[in-house]
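Enquirer: My structure file coords.cif, mmCIF, C-alpha atoms, is below:
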```cif
data_target
#
loop_
_atom_site.label_atom_id
_atom_site.label_comp_id
_atom_site.auth_asym_id
_atom_site.auth_seq_id
_atom_site.Cartn_x
_atom_site.Cartn_y
_atom_site.Cartn_z
CA MET A 1 90.91 60.94 89.12
CA ARG A 2 88.77 60.61 92.26
CA THR A 3 85.01 60.75 91.65
CA GLY A 4 81.88 60.41 93.70
CA ILE A 5 82.49 63.49 95.89
CA PRO A 6 79.60 63.93 98.32
CA VAL A 7 77.26 66.64 97.11
CA VAL A 8 77.23 68.62 100.36
CA VAL A 9 81.05 68.70 100.40
CA LEU A 10 81.10 69.89 96.79
CA LEU A 11 78.77 72.78 97.52
CA PHE A 12 79.68 73.80 101.06
CA GLY A 13 83.13 72.37 101.81
CA LEU A 14 84.23 70.21 104.69
CA GLY A 15 83.65 72.88 107.32
CA VAL A 16 79.84 72.92 107.16
CA ALA A 17 79.04 69.80 105.14
CA ALA A 18 78.01 67.71 108.14
CA ASN A 19 75.57 70.33 109.38
CA VAL A 20 74.10 70.79 105.91
CA ALA A 21 73.63 67.05 105.47
CA ALA A 22 71.86 66.80 108.82
CA GLN A 23 69.62 69.85 108.43
CA CYS A 24 69.06 69.93 104.65
CA PRO A 25 68.28 66.35 103.58
CA ASP A 26 66.74 67.27 100.19
CA THR A 27 69.78 67.45 97.92
CA THR A 28 68.10 66.96 94.52
CA GLY A 29 69.07 70.38 93.23
CA TRP A 30 72.57 70.09 94.65
CA ALA A 31 73.07 66.76 92.87
CA ALA A 32 72.32 68.40 89.52
CA ILE A 33 74.83 71.15 90.26
CA ALA A 34 77.42 68.55 91.24
CA ARG A 35 76.93 66.67 87.96
CA ALA A 36 77.29 69.85 85.94
CA SER A 37 80.41 70.81 87.90
CA ARG A 38 82.02 67.44 87.21
CA ALA A 39 81.17 67.78 83.52
CA ASP A 40 82.80 71.21 83.30
CA HIS A 41 85.81 69.94 85.23
CA GLN A 42 86.21 67.12 82.73
CA ARG A 43 85.82 69.55 79.83
CA MET A 44 88.70 71.64 81.18
CA LEU A 45 90.90 68.55 81.60
CA GLU A 46 90.28 67.62 77.97
CA LEU A 47 91.02 71.18 76.88
CA LEU A 48 94.35 70.97 78.69
CA GLY A 49 95.10 67.50 77.34
CA ILE A 50 95.19 65.95 80.82
CA ASP A 51 94.19 62.28 81.06
CA ARG A 52 94.09 62.05 84.83
CA LEU A 53 94.82 63.96 88.01
CA ARG A 54 96.51 62.71 91.13
CA PRO A 55 93.86 62.19 93.82
CA GLY A 56 94.11 64.42 96.85
CA PRO A 57 94.17 62.97 100.35
CA SER A 58 91.13 62.99 102.59
CA PRO A 59 91.44 64.87 105.89
CA GLN A 60 92.00 61.49 107.55
CA GLU A 61 94.72 60.50 105.05
CA ALA A 62 96.56 63.82 104.80
CA ASN A 63 99.95 64.21 106.42
CA THR A 64 99.74 65.87 109.83
CA ASP A 65 103.22 64.90 111.04
CA GLU A 66 105.84 67.66 110.82
CA ALA A 67 108.59 65.04 110.73
CA ARG A 68 107.16 63.70 107.45
CA VAL A 69 107.08 67.01 105.57
CA PRO A 70 109.50 66.63 102.63
CA PRO A 71 111.98 69.43 101.87
CA TYR A 72 110.79 72.09 99.44
CA THR A 73 112.25 75.19 97.83
CA LEU A 74 110.29 78.42 97.47
CA PRO A 75 110.79 81.02 94.75
CA ASP A 76 112.82 83.94 96.10
CA PRO A 77 110.51 86.96 96.34
CA LEU A 78 113.39 89.27 95.36
CA VAL A 79 114.75 87.31 92.39
CA THR A 80 113.04 87.67 89.01
CA PHE A 81 112.11 84.67 86.91
CA ASP A 82 115.18 85.30 84.75
CA GLY A 83 117.50 85.36 87.79
CA ARG A 84 117.89 89.10 88.37
CA ARG A 85 118.09 90.20 92.02
CA ILE A 86 115.81 93.03 93.10
CA THR A 87 117.53 95.53 95.40
CA THR A 88 115.38 98.69 95.33
CA PRO A 89 111.71 99.51 95.96
CA ARG A 90 111.45 100.85 92.42
CA GLU A 91 112.58 97.51 90.99
CA TRP A 92 109.97 95.77 93.15
CA TRP A 93 107.11 97.96 91.91
CA GLU A 94 108.18 98.13 88.28
CA VAL A 95 109.76 94.71 87.65
CA ARG A 96 109.24 91.96 90.21
CA ARG A 97 105.74 92.72 91.44
CA PRO A 98 104.21 92.91 87.93
CA GLU A 99 105.72 89.57 86.91
CA ILE A 100 104.43 87.90 90.09
CA VAL A 101 100.95 89.28 89.40
CA ALA A 102 101.14 88.00 85.81
CA ALA A 103 102.14 84.52 87.03
CA PHE A 104 99.23 84.36 89.49
CA ASP A 105 96.93 85.51 86.69
CA ARG A 106 98.14 82.90 84.24
CA GLU A 107 98.66 79.88 86.49
CA VAL A 108 96.57 80.24 89.65
CA TYR A 109 93.66 82.68 89.88
CA GLY A 110 93.09 83.54 86.23
CA ARG A 111 93.03 86.75 84.23
CA VAL A 112 90.27 89.32 84.61
CA PRO A 113 89.13 90.25 81.08
CA PRO A 114 89.91 93.82 80.03
CA ASP A 115 86.28 94.47 79.08
CA VAL A 116 84.53 93.59 82.36
CA PRO A 117 81.26 95.58 82.40
CA SER A 118 80.79 98.55 84.68
CA VAL A 119 78.71 98.49 87.88
CA ARG A 120 76.01 100.99 88.81
CA TRP A 121 75.28 101.06 92.52
CA GLU A 122 71.74 101.61 93.77
CA VAL A 123 70.79 102.37 97.37
CA VAL A 124 67.67 100.22 97.63
CA SER A 125 66.75 101.33 101.14
CA THR A 126 68.07 103.49 103.97
CA THR A 127 66.95 102.75 107.53
CA ARG A 128 67.81 104.39 110.84
CA THR A 129 67.80 101.89 113.67
CA VAL A 130 69.72 100.85 116.78
CA GLN A 131 72.24 98.01 117.02
CA ASP A 132 73.66 97.11 120.42
CA SER A 133 72.49 100.48 121.82
CA ILE A 134 74.25 102.36 119.00
CA PRO A 135 72.18 104.43 116.53
CA VAL A 136 73.09 103.35 113.01
CA VAL A 137 72.16 103.90 109.40
CA VAL A 138 71.60 100.70 107.41
CA LYS A 139 71.84 100.91 103.63
CA LYS A 140 70.80 98.01 101.45
CA LEU A 141 72.73 98.25 98.21
CA VAL A 142 72.65 96.49 94.87
CA GLY A 143 75.36 96.83 92.26
CA HIS A 144 73.83 96.40 88.83
CA VAL A 145 76.35 95.06 86.31
CA ASP A 146 75.92 96.40 82.79
CA ASN A 147 74.76 93.46 80.67
CA SER A 148 73.93 95.38 77.51
CA ALA A 149 76.54 93.37 75.60
CA TYR A 150 74.88 90.07 76.62
CA PRO A 151 71.34 90.58 78.01
CA ALA A 152 70.80 86.83 78.54
CA ILE A 153 72.77 87.00 81.81
CA GLU A 154 71.96 89.42 84.62
CA VAL A 155 74.41 90.03 87.45
CA HIS A 156 73.74 91.96 90.66
CA ILE A 157 76.00 92.49 93.67
CA ASP A 158 74.26 92.42 97.06
CA MET A 159 75.73 94.38 99.94
CA THR A 160 74.63 95.94 103.22
CA LEU A 161 76.45 98.94 104.70
CA VAL A 162 76.00 99.92 108.37
CA THR A 163 77.52 103.14 109.73
CA PRO A 164 77.14 105.01 113.05
CA ALA A 165 74.34 107.55 112.74
CA GLU A 166 76.01 110.09 115.03
CA ALA A 167 79.53 110.03 113.56
CA ASP A 168 81.20 113.41 113.12
CA GLY A 169 82.49 112.52 109.67
CA PRO A 170 83.50 109.65 107.40
CA VAL A 171 84.36 106.46 109.33
CA PRO A 172 86.55 103.42 108.71
CA VAL A 173 84.65 100.41 107.37
CA ILE A 174 85.35 96.68 107.54
CA LEU A 175 84.12 94.91 104.42
CA HIS A 176 83.24 91.30 105.21
CA PHE A 177 82.69 88.45 102.76
CA SER A 178 79.47 86.97 104.13
CA PHE A 179 77.89 83.57 103.62
CA VAL A 180 74.29 83.14 102.52
CA TRP A 181 72.98 80.33 104.67
CA PRO A 182 70.48 77.89 103.11
CA GLU A 183 66.89 78.35 104.28
CA CYS A 184 67.09 74.99 106.02
CA MET A 185 70.01 76.13 108.19
CA ARG A 186 70.57 78.71 110.88
CA PRO A 187 73.96 80.43 111.20
CA PRO A 188 75.84 79.61 114.39
CA ALA A 189 75.21 82.02 117.25
CA PRO A 190 78.14 83.61 119.11
CA PRO A 191 78.98 82.12 122.50
CA PRO A 192 76.90 83.49 125.39
CA GLY A 193 78.16 86.87 126.51
CA GLN A 194 80.33 87.40 123.43
CA ARG A 195 79.53 90.29 121.13
CA THR A 196 79.31 89.69 117.41
CA TRP A 197 82.05 91.08 115.22
CA GLN A 198 79.56 93.64 113.92
CA GLN A 199 78.88 94.89 117.45
CA GLN A 200 82.61 95.10 118.15
CA VAL A 201 83.18 97.18 115.00
CA LEU A 202 80.36 99.58 115.85
CA ALA A 203 81.62 99.95 119.43
CA ARG A 204 84.78 101.51 117.99
CA GLY A 205 82.77 104.07 116.07
CA TRP A 206 83.49 102.37 112.75
CA GLY A 207 81.14 100.94 110.16
CA TYR A 208 80.88 97.55 108.54
CA ALA A 209 79.64 96.16 105.26
CA GLU A 210 78.52 92.64 104.43
CA LEU A 211 79.21 91.65 100.85
CA TYR A 212 77.55 88.50 99.52
CA PRO A 213 79.93 87.11 96.89
CA THR A 214 77.67 84.31 95.70
CA SER A 215 75.16 86.97 94.59
CA TYR A 216 77.44 87.73 91.63
CA GLN A 217 79.36 84.46 91.19
CA ALA A 218 78.17 81.04 92.33
CA ASP A 219 80.46 78.83 94.40
CA HIS A 220 80.50 75.84 92.05
CA GLY A 221 81.65 74.83 88.59
CA ALA A 222 78.12 74.66 87.23
CA GLY A 223 77.90 78.44 87.64
CA LEU A 224 80.92 79.35 85.54
CA THR A 225 78.78 80.13 82.48
CA ALA A 226 76.69 82.50 84.60
CA GLY A 227 77.52 85.26 87.08
CA ILE A 228 80.18 87.84 86.26
CA ILE A 229 82.46 85.17 84.74
CA GLY A 230 79.69 83.94 82.46
CA LEU A 231 78.61 87.46 81.54
CA THR A 232 82.09 88.50 80.42
CA ASN A 233 82.36 85.25 78.43
CA ARG A 234 78.94 85.80 76.81
CA GLY A 235 77.71 82.55 78.34
CA ARG A 236 80.54 80.44 76.92
CA PRO A 237 82.69 78.05 79.02
CA ARG A 238 86.01 79.26 80.35
CA ARG A 239 89.36 79.11 78.64
CA PRO A 240 92.34 77.78 80.65
CA ASP A 241 93.60 81.22 81.72
CA ASP A 242 90.19 82.80 82.42
CA TRP A 243 89.52 83.98 85.95
CA GLY A 244 88.15 81.66 88.58
CA VAL A 245 85.68 82.29 91.36
CA LEU A 246 88.18 83.62 93.93
CA ARG A 247 89.32 86.29 91.50
CA ALA A 248 85.70 87.09 90.67
CA TRP A 249 84.79 87.47 94.33
CA ALA A 250 87.80 89.77 94.78
CA TRP A 251 86.63 91.81 91.77
CA GLY A 252 83.29 92.31 93.51
CA ALA A 253 85.04 93.55 96.65
CA SER A 254 86.85 96.13 94.54
CA ARG A 255 83.54 97.28 93.10
CA ALA A 256 82.25 97.67 96.66
CA LEU A 257 85.27 99.86 97.36
CA ASP A 258 84.37 101.91 94.28
CA TYR A 259 81.04 102.61 95.94
CA PHE A 260 82.64 103.52 99.26
CA GLU A 261 84.66 106.19 97.44
CA THR A 262 81.36 107.90 96.59
CA ASP A 263 79.66 107.58 100.00
CA PRO A 264 80.31 110.57 102.29
CA THR A 265 79.81 108.46 105.43
CA VAL A 266 82.75 106.18 104.56
CA ASP A 267 86.46 106.99 104.72
CA ALA A 268 87.51 104.98 101.67
CA ARG A 269 91.18 105.31 102.66
CA ARG A 270 90.45 103.27 105.80
CA VAL A 271 88.62 100.20 104.47
CA GLY A 272 89.61 96.76 105.69
CA ILE A 273 88.55 93.43 104.21
CA ALA A 274 87.85 90.22 106.13
CA GLY A 275 86.94 86.64 105.36
CA LEU A 276 87.07 83.08 106.68
CA SER A 277 88.02 79.87 104.91
CA ARG A 278 87.26 80.19 101.16
CA PHE A 279 86.27 83.79 101.84
CA GLY A 280 89.61 84.21 103.62
CA LYS A 281 91.25 83.14 100.36
CA ALA A 282 89.17 85.70 98.47
CA ALA A 283 89.98 88.45 100.96
CA LEU A 284 93.72 87.79 100.56
CA VAL A 285 93.38 87.81 96.77
CA ALA A 286 91.50 91.11 96.98
CA MET A 287 94.25 92.61 99.17
CA ALA A 288 96.95 91.41 96.78
CA TYR A 289 95.32 92.78 93.64
CA ASP A 290 93.74 96.01 94.90
CA GLN A 291 96.12 98.26 96.81
CA ARG A 292 93.27 100.50 97.97
CA PHE A 293 92.35 98.05 100.73
CA ALA A 294 94.08 99.33 103.85
CA ILE A 295 94.21 96.14 105.94
CA GLY A 296 92.96 92.55 105.91
CA LEU A 297 91.79 89.82 108.30
CA ILE A 298 92.61 86.50 106.65
CA GLY A 299 91.12 83.65 108.68
CA SER A 300 91.88 79.95 108.16
CA SER A 301 92.36 80.49 104.43
CA GLY A 302 94.34 77.30 103.89
CA ALA A 303 95.46 76.03 100.49
CA GLY A 304 94.76 78.52 97.74
CA GLY A 305 95.06 81.29 100.32
CA ALA A 306 97.90 81.88 102.79
CA LYS A 307 99.06 78.22 103.00
CA LEU A 308 102.19 77.23 101.11
CA LEU A 309 101.17 74.97 98.24
CA ARG A 310 104.53 73.17 98.15
CA ARG A 311 104.29 72.04 101.77
CA VAL A 312 102.98 68.48 102.10
CA PHE A 313 100.80 68.90 105.15
CA GLY A 314 96.99 69.04 105.33
CA GLU A 315 95.10 70.02 102.19
CA GLN A 316 97.03 69.73 98.94
CA VAL A 317 96.95 71.11 95.40
CA GLU A 318 95.35 67.84 94.33
CA ASN A 319 92.36 68.62 96.55
CA LEU A 320 92.04 72.10 95.08
CA ALA A 321 92.07 70.62 91.57
CA SER A 322 89.12 68.31 92.28
CA PRO A 323 85.59 68.99 90.96
CA ALA A 324 84.75 70.35 94.43
CA GLU A 325 87.20 73.27 94.33
CA TYR A 326 88.71 73.72 90.84
CA HIS A 327 86.27 76.51 90.02
CA TRP A 328 88.06 78.82 92.47
CA PHE A 329 91.06 78.88 90.12
CA ALA A 330 92.09 79.26 86.52
CA GLY A 331 91.86 76.10 84.46
CA ASN A 332 95.65 76.15 84.09
CA PHE A 333 95.96 75.44 87.80
CA LEU A 334 94.79 71.86 87.17
CA LYS A 335 98.12 71.12 85.49
CA TYR A 336 99.87 71.12 88.86
CA ALA A 337 97.84 68.11 90.02
CA GLY A 338 98.47 66.20 86.80
CA PRO A 339 101.51 66.35 84.54
CA LEU A 340 103.16 68.95 86.81
CA THR A 341 103.55 69.21 90.57
CA PRO A 342 103.30 72.11 93.07
CA ASP A 343 107.10 72.42 92.85
CA ASP A 344 106.65 73.53 89.23
CA LEU A 345 104.51 76.51 90.22
CA PRO A 346 106.26 79.82 89.52
CA VAL A 347 104.62 81.30 92.62
CA ASP A 348 103.40 80.27 96.06
CA ALA A 349 101.47 81.77 98.97
CA HIS A 350 104.41 83.78 100.32
CA LEU A 351 104.42 85.74 97.07
CA LEU A 352 100.69 86.40 97.38
CA ILE A 353 101.33 87.87 100.84
CA ALA A 354 104.27 89.82 99.41
CA LEU A 355 101.87 91.50 96.98
CA VAL A 356 100.11 93.00 100.02
CA ALA A 357 103.32 94.71 101.22
CA PRO A 358 103.83 97.18 102.76
CA ARG A 359 100.22 97.25 104.02
CA PRO A 360 99.21 95.56 107.31
CA LEU A 361 97.73 92.07 107.35
CA PHE A 362 96.33 89.91 110.14
CA ILE A 363 96.60 86.16 109.49
CA GLY A 364 94.66 83.88 111.82
CA ALA A 365 93.67 80.27 112.35
CA GLY A 366 92.06 78.05 114.95
CA HIS A 367 93.67 75.66 117.41
CA PRO A 368 95.09 72.83 115.26
CA GLU A 369 93.65 70.21 117.62
CA VAL A 370 90.20 71.82 117.47
CA GLU A 371 90.00 73.14 113.92
CA GLY A 372 92.00 70.26 112.55
CA HIS A 373 95.24 70.20 110.58
CA TRP A 374 93.66 70.57 107.13
CA VAL A 375 94.15 74.35 107.14
CA ASP A 376 97.82 73.98 108.19
CA ALA A 377 98.23 77.05 110.39
CA ARG A 378 101.99 76.60 110.53
CA SER A 379 102.19 76.84 106.75
CA THR A 380 100.37 80.18 106.75
CA PHE A 381 102.86 81.43 109.34
CA LEU A 382 105.78 80.23 107.22
CA ALA A 383 104.32 81.95 104.15
CA ALA A 384 104.35 85.22 106.07
CA VAL A 385 107.94 84.54 107.19
CA HIS A 386 109.02 84.16 103.55
CA ALA A 387 107.26 87.39 102.54
CA GLU A 388 109.41 89.30 105.05
CA PRO A 389 112.13 90.35 102.57
CA VAL A 390 109.63 92.38 100.57
CA TYR A 391 108.33 94.19 103.62
CA ARG A 392 111.94 94.92 104.62
CA LEU A 393 112.78 96.20 101.15
CA LEU A 394 109.83 98.60 101.37
CA GLY A 395 110.96 99.92 104.74
CA LYS A 396 108.65 97.91 106.99
CA VAL A 397 108.85 94.91 109.30
CA GLY A 398 106.56 92.00 108.46
CA LEU A 399 106.31 89.37 111.20
CA GLY A 400 109.71 90.31 112.56
CA THR A 401 110.49 86.72 113.59
CA ASP A 402 110.53 83.16 112.30
CA VAL A 403 109.47 81.69 115.65
CA MET A 404 105.82 80.67 115.58
CA PRO A 405 103.86 81.77 118.67
CA PRO A 406 101.87 79.24 120.72
CA VAL A 407 98.10 78.99 120.58
CA GLY A 408 96.44 82.05 122.09
CA GLU A 409 99.46 84.35 121.83
CA LEU A 410 99.27 87.37 119.52
CA LEU A 411 102.30 88.17 117.40
CA ALA A 412 102.03 91.78 116.20
CA ARG A 413 105.54 93.25 116.12
CA GLY A 414 105.28 94.59 112.60
CA GLU A 415 102.89 94.97 109.68
CA ILE A 416 101.89 91.28 109.72
CA ALA A 417 100.05 90.00 112.78
CA PHE A 418 99.52 86.30 113.45
CA ARG A 419 97.40 84.47 116.01
CA MET A 420 96.05 80.96 116.46
CA HIS A 421 93.01 81.19 118.70
CA GLU A 422 91.68 78.48 120.99
CA ASP A 423 88.56 77.62 118.98
CA GLY A 424 87.82 75.90 115.65
CA HIS A 425 87.02 77.05 112.10
CA THR A 426 85.96 80.60 112.89
CA ASN A 427 87.33 84.13 113.10
CA GLY A 428 85.29 84.86 116.23
CA PRO A 429 88.02 84.80 118.92
CA ASN A 430 90.41 86.79 116.72
CA TRP A 431 88.12 89.74 116.02
CA PRO A 432 89.07 91.75 119.15
CA TYR A 433 92.76 91.29 118.36
CA PHE A 434 92.31 92.21 114.71
CA LEU A 435 90.33 95.35 115.52
CA GLU A 436 92.93 96.47 118.04
CA PHE A 437 95.63 95.82 115.41
CA ALA A 438 93.64 97.80 112.83
CA SER A 439 93.26 100.71 115.26
CA ARG A 440 97.01 101.34 114.90
CA TYR A 441 96.29 102.44 111.36
CA PHE A 442 92.71 103.69 111.59
CA GLU A 443 93.17 105.64 114.85
CA PRO A 444 96.89 106.50 115.04
CA ASP A 445 96.34 109.49 117.33
CA ARG A 446 94.51 107.35 119.89
CA ASN A 447 97.37 104.85 119.79
CA GLY A 448 100.09 107.44 120.25
CA GLN A 449 101.48 107.12 116.72
#
```
As structure tokens, what does this structure read like?
Expert:
Amino acid sequence: MRTGIPVVVLLFGLGVAANVAAQCPDTTGWAAIARASRADHQRMLELLGIDRLRPGPSPQEANTDEARVPPYTLPDPLVTFDGRRITTPREWWEVRRPEIVAAFDREVYGRVPPDVPSVRWEVVSTTRTVQDSIPVVVKKLVGHVDNSAYPAIEVHIDMTLVTPAEADGPVPVILHFSFVWPECMRPPAPPPGQRTWQQQVLARGWGYAELYPTSYQADHGAGLTAGIIGLTNRGRPRRPDDWGVLRAWAWGASRALDYFETDPTVDARRVGIAGLSRFGKAALVAMAYDQRFAIGLIGSSGAGGAKLLRRVFGEQVENLASPAEYHWFAGNFLKYAGPLTPDDLPVDAHLLIALVAPRPLFIGAGHPEVEGHWVDARSTFLAAVHAEPVYRLLGKVGLGTDVMPPVGELLARGEIAFRMHEDGHTNGPNWPYFLEFASRYFEPDRNGQ
């Protein structure tokens, strides 16, 4: 098992680790978190009876040559685990879909306990202001999680909701998984002359919400006995099939949607969810598990998100099973980097996308030569290709093709849109395309539908 993972990579991932290291040199607290994460990781290995894991490749060592990708076989989305072929929508909803969900619960993302506490939302403040010349109402919200069963742990969900002040009625809202930047860092500014995604949303007369997932579940293994996972476990360590952080973040998004259903300024039937990188993974998980989300923007989600886990290109299962990322998943997922392999998984990313069907989904990535090959944009495209049979069964077209478009070209023939933009690890260049895609569903009259 590989050890000695740099602290900044453990806490922030490869995408921002270099900037954190340069701007935040004091890593004393992070080192303690890293040690605790490694200890919990080792505890889970012992619980599973695993002596060692296969080490994952570094970004420099990972395969980036299409000619060297070994053959692989994906589970058929329309064949049950006992070999029965699914031929009707009813069989999908009543037979195949539930067993796929159960497999993801058990082997990948973990089970949400049946007794998760309720959430009481509080509007902390309401402010009328102007953003980009548009009058808006800004609500600061906190979701208080009932901790009466275990008062030692408090959990609160932080969210900000911004809606047009002069709207005639309830508006569509884009819920965005947002990153809390360390005090020693400044978030990157948009390129000169380019509007932020928030400004673009408001310009359409819609609202947006920023949900801060680390407010209710930390992004490291040391936090698994705290947050919503720790609260439901009464402060005890996880069992192998308990939920991981991605599933917990998705749970929080669903609780945000609960609130939207009570807010008269929000049309809860037209709520989209968006995220980048690890938050892209969480957004896809939220879409798969909660059918109330109308549409999703899944950006550069990579392995554990829309990337096929069986495909040997870029990041691998072994990387996800390391102390830097294992906390995103159920403990059982570690088996597939040890005694088992990704080929033994009962599911893969195409089945996660299939769980979204027949709803629309926008899958994006950066230019492979700019963002790098770690994310494996082609694999996310192929996952969507292999989800197509489910969309077809439910009377929709998914991608509508198995030919991957070149960088910069939007593919949006059906309910799944795909675009590689010209930039790096960001959703920025894809926001205008996603919002136009979403307008098909949020503003059908304007689009002639």
Enquirer: Take CA of Ser58 in chain A and CA of Trp249 in chain A and report the distance between them in Å, one decimal.
Expert: 26.6 Å
Enquirer: Give me, please, the distance in Å between CA of Ala102 in chain A and CA of Phe418 in chain A, quoted to one decimal.
Expert: 27.7 Å
Enquirer: Got a sec to resolve the PyMOL selection byres ((chain A and resi 238-243) around 12) on this structure and send the residues as a PyMOL selection string?
Expert: chain A and resi 40-41+43-49+102-114+116+217+221-226+228-237+244-251+326-335
Enquirer: Counting only C-alpha atoms, which residues of range 291-395 of chain A fall within 12 Å of range 156-176 of chain A, and what is the closest atom pair for each with its distance in Å at one decimal, ordered by chain and rising number, as a tab-separated table?
Expert:
```
residue	atom	partner	partner_atom	distance
A:Phe293	CA	A:Leu175	CA	9.6
A:Ala294	CA	A:Ile174	CA	9.8
A:Ile295	CA	A:Ile174	CA	9.0
A:Gly296	CA	A:Ile174	CA	8.8
A:Leu297	CA	A:His176	CA	9.2
A:Ile298	CA	A:His176	CA	10.6
A:Gly299	CA	A:His176	CA	11.5
```
Enquirer: Residues at most 9 Å from Gln291 in chain A, counting all atoms listed in the file, excluding those fewer than 6 positions away in the same chain, as a list in words?
Expert: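 That gives Leu355, Val356 and Arg359 of chain A.
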Enquirer: The PyMOL selection byres ((chain A and resi 139) around 12) - which residues does that actually catch in the file I just gave you? List them as a VMD selection string.
Expert: chain A and resid 121 to 129 136 to 138 140 to 142 158 to 165 207 to 210 260 263 265
Enquirer: Starting from the point (83.7, 88.5, 124.6), work out which residues of protein, DNA or RNA have an atom no more than 12 Å away when counting only C-alpha atoms; state them as number ranges by chain.
Expert: A: 190-197, 199-200, 428-433
Enquirer: Check the smallest atom-to-atom distance from each of A:Thr426, A:Ala283, A:Leu361, A:Glu436 to Leu399 in chain A using only C-alpha atoms, then report the winner.
Expert: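 Closest residue, counting only C-alpha atoms: A:Leu361.
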Enquirer: With all atoms listed in the file as the atoms that count, which of A:Ala62, A:Val155, A:Leu410, A:Ala365 lies nearest to Ala377 in chain A?
Expert: A:Ala365
Enquirer: I'd like to know which of A:Glu415, A:Ser118, A:Gln60, A:Leu78 is closest to Gly372 in chain A, using only C-alpha atoms.
Expert: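 For Gly372 in chain A, the nearest of the candidates is A:Gln60.
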Enquirer: Tell me, as a PDB file with C-alpha atoms, in the frame of the given file, which residues lie within 9 Å of Leu308 in chain A, counting all atoms listed in the file; anything in the same chain fewer than 3 positions away does not count.
Expert:
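So the final result, stored in around.pdb, reads:
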```pdb
ATOM      1  CA  LEU A  74     110.290  78.420  97.470  1.00  0.00           C
ATOM      2  CA  GLY A 302      94.340  77.300 103.890  1.00  0.00           C
ATOM      3  CA  ALA A 303      95.460  76.030 100.490  1.00  0.00           C
ATOM      4  CA  GLY A 304      94.760  78.520  97.740  1.00  0.00           C
ATOM      5  CA  GLY A 305      95.060  81.290 100.320  1.00  0.00           C
ATOM      6  CA  ARG A 311     104.290  72.040 101.770  1.00  0.00           C
ATOM      7  CA  VAL A 312     102.980  68.480 102.100  1.00  0.00           C
ATOM      8  CA  ASP A 348     103.400  80.270  96.060  1.00  0.00           C
ATOM      9  CA  ALA A 349     101.470  81.770  98.970  1.00  0.00           C
ATOM     10  CA  HIS A 350     104.410  83.780 100.320  1.00  0.00           C
ATOM     11  CA  ASP A 376      97.820  73.980 108.190  1.00  0.00           C
ATOM     12  CA  SER A 379     102.190  76.840 106.750  1.00  0.00           C
ATOM     13  CA  THR A 380     100.370  80.180 106.750  1.00  0.00           C
ATOM     14  CA  LEU A 382     105.780  80.230 107.220  1.00  0.00           C
ATOM     15  CA  ALA A 383     104.320  81.950 104.150  1.00  0.00           C
TER      16      ALA A 383
END
```
Enquirer: On this file, the PyMOL selection byres ((chain A and resi 134) around 8) gives some set of residues; write that set as a list in words.
Expert: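 Applying the PyMOL selection byres ((chain A and resi 134) around 8) to the structure shown produces Val130, Gln131, Asp132, Ser133, Pro135, Val136, Pro164, Leu202 and Ala203 of chain A.
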Enquirer: Can you work out which one of A:Gly29, A:Pro444, A:Pro264, A:Pro342 has the shortest atom-to-atom distance to Leu309 in chain A, counting all atoms listed in the file?
Expert: A:Pro342
Enquirer: Which residues come within 8 Å of Ala354 in chain A, counting only C-alpha atoms, excluding same-chain residues fewer than 4 positions away, as a list in words?
Expert: Pro77, Ala288, His350, Ala387, Glu388, Val390 and Tyr391 of chain A
Enquirer: Using all atoms listed in the file for the distances, tell me which of A:Ile50, A:Ile273, A:Ile86, A:Val266 is nearest to Ser178 in chain A.
Expert: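 That would be A:Ile273, the residue with the smallest distance to Ser178 in chain A.
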